[in-house]
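Working notes for the structure below.
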Amino acid sequence: MSVQERKQRERAERERLIVATARELAEQQGWDAVTTRRLAERIEYSQPVLYSHFRGKREIIGAVALEGAAELATAVRAATSAADGPRARVAALARTYLDFAARHPAVYDALFQLDGGLAYAQEDTPEPLKDAFAALLESLGEVAGDGVAPGLFTETFWASLHGLATLTRAGRLLPEDAEPRVELLVDRLAVVRYKP
């Protein structure tokens, strides 16, 4: 291995450590607790080393969001591939999405609430974000219905899931009604349009 390759590998490892530490700290104490000073202390590097990887917290949030998008896409695809039929796929997608939001609130915030400097729904949208949307579209596109653009339907269904995730986390919805909400969303918004 050349010196250049070793330095690149070490740099990538430092970057992964910074992102993992930021994510861990955010999940434990919230994003307000994530500062470059705190991160530098936790990973035992100087602040200038952190700044050589990320220009600040905004870029770190963006890196966590990209990592989270890849994880969400993987989870959705795993759940939907194990489901049999359109209704089961859409229900699996909804449960997986809501579970991801509940289990990883800081990552979910990085993806959908905070400014990570990432472009959404544009030509320069990073691939992990495009892929996460594609993972939703793969199952939702088949139930969009006649004359309904699959992408538009996916955005609408996704917005409904986001609303449920956000309101549930804020304690605005009764926890015991979580599953009936998913069933209602699947049966009334998605599958009712599907014609076998």
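Chain labels A, B, ... are given in the sequence in which chains occur in the structure tokens; within each chain residues are numbered consecutively from 1, and ligands are likewise numbered from 1 in the order shown.
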
Legend entry - 10 Å contact set for Ala82 (chain A), only C-alpha atoms, chain neighbours under 6 positions out, as a list in words: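 Listing them by chain and then by number gives Ala88, Arg89 and Ala92 of chain A.
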
Filtering to C-alpha atoms, could you give me those residues as a short mmCIF file (atom, residue, chain, number, x, y, z; two decimals), in the first residue's frame?
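Saved file again.cif follows:
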data_model
loop_
_atom_site.label_atom_id
_atom_site.label_comp_id
_atom_site.auth_asym_id
_atom_site.auth_seq_id
_atom_site.Cartn_x
_atom_site.Cartn_y
_atom_site.Cartn_z
CA ALA A 88 -48.29 -6.26 2.11
CA ARG A 89 -45.40 -4.36 0.48
CA ALA A 92 -44.22 -3.19 5.27
#

Inset, instruction - Compile the contact shell of Phe153 (chain A) as a VMD selection string: residues with an atom at most 9 Å away, counting only C-alpha atoms, same-chain residues fewer than 5 positions apart removed. - result: chain A and resid 137 140 to 141 143 to 145 148 158 190

Legend entry - Å distance separating CA of Ala20 (chain A) from CA of Ser160 (chain A), one decimal place: 29.4 Å

Determine, for each residue of region 82-191 of chain A having at least one atom at most 10 Å from an atom of region 49-59 of chain A, the closest pair of atoms and their separation in Å to one decimal, counting only C-alpha atoms; order by chain and ascending number, as a Markdown table.
| residue | atom | partner | partner_atom | distance |
| --- | --- | --- | --- | --- |
| A:Ala110 | CA | A:Arg58 | CA | 9.5 |
| A:Leu114 | CA | A:Arg58 | CA | 8.5 |
| A:Asp115 | CA | A:Arg58 | CA | 6.4 |
| A:Gly116 | CA | A:Arg58 | CA | 4.8 |
| A:Gly117 | CA | A:Arg58 | CA | 6.4 |
| A:Leu118 | CA | A:Glu59 | CA | 8.7 |

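With only C-alpha atoms as the basis for measurement, A:Pro105 is the residue among A:Gly147, A:Gly171, A:Pro105, A:Pro86 that approaches Trp31 (chain A) most closely.
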
Legend entry - Distance query region 180-183 of chain A at most 9 Å, only C-alpha atoms, self and fewer than 3 positions along chain excluded, as a list of chain:residue names: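 In the requested format, the answer is A:Ala91, A:Ala94, A:Arg95, A:Leu161, A:Leu164, A:Glu176, A:Asp177, A:Val186, A:Asp187, A:Arg188.
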
The selected residues should be written to file as a short mmCIF file (atom, residue, chain, number, x, y, z; two decimals), in the first residue's frame (atoms: C-alpha atoms).
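Printed below is result.cif as written:
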data_model
loop_
_atom_site.label_atom_id
_atom_site.label_comp_id
_atom_site.auth_asym_id
_atom_site.auth_seq_id
_atom_site.Cartn_x
_atom_site.Cartn_y
_atom_site.Cartn_z
CA ALA A 91 -47.79 -1.92 4.74
CA ALA A 94 -45.02 2.16 6.10
CA ARG A 95 -44.12 0.19 9.23
CA LEU A 161 -45.70 8.96 6.74
CA LEU A 164 -47.33 10.42 11.31
CA GLU A 176 -52.18 2.55 20.84
CA ASP A 177 -53.54 3.73 17.49
CA VAL A 186 -52.49 1.66 3.37
CA ASP A 187 -56.13 0.79 2.71
CA ARG A 188 -57.48 4.24 1.95
#
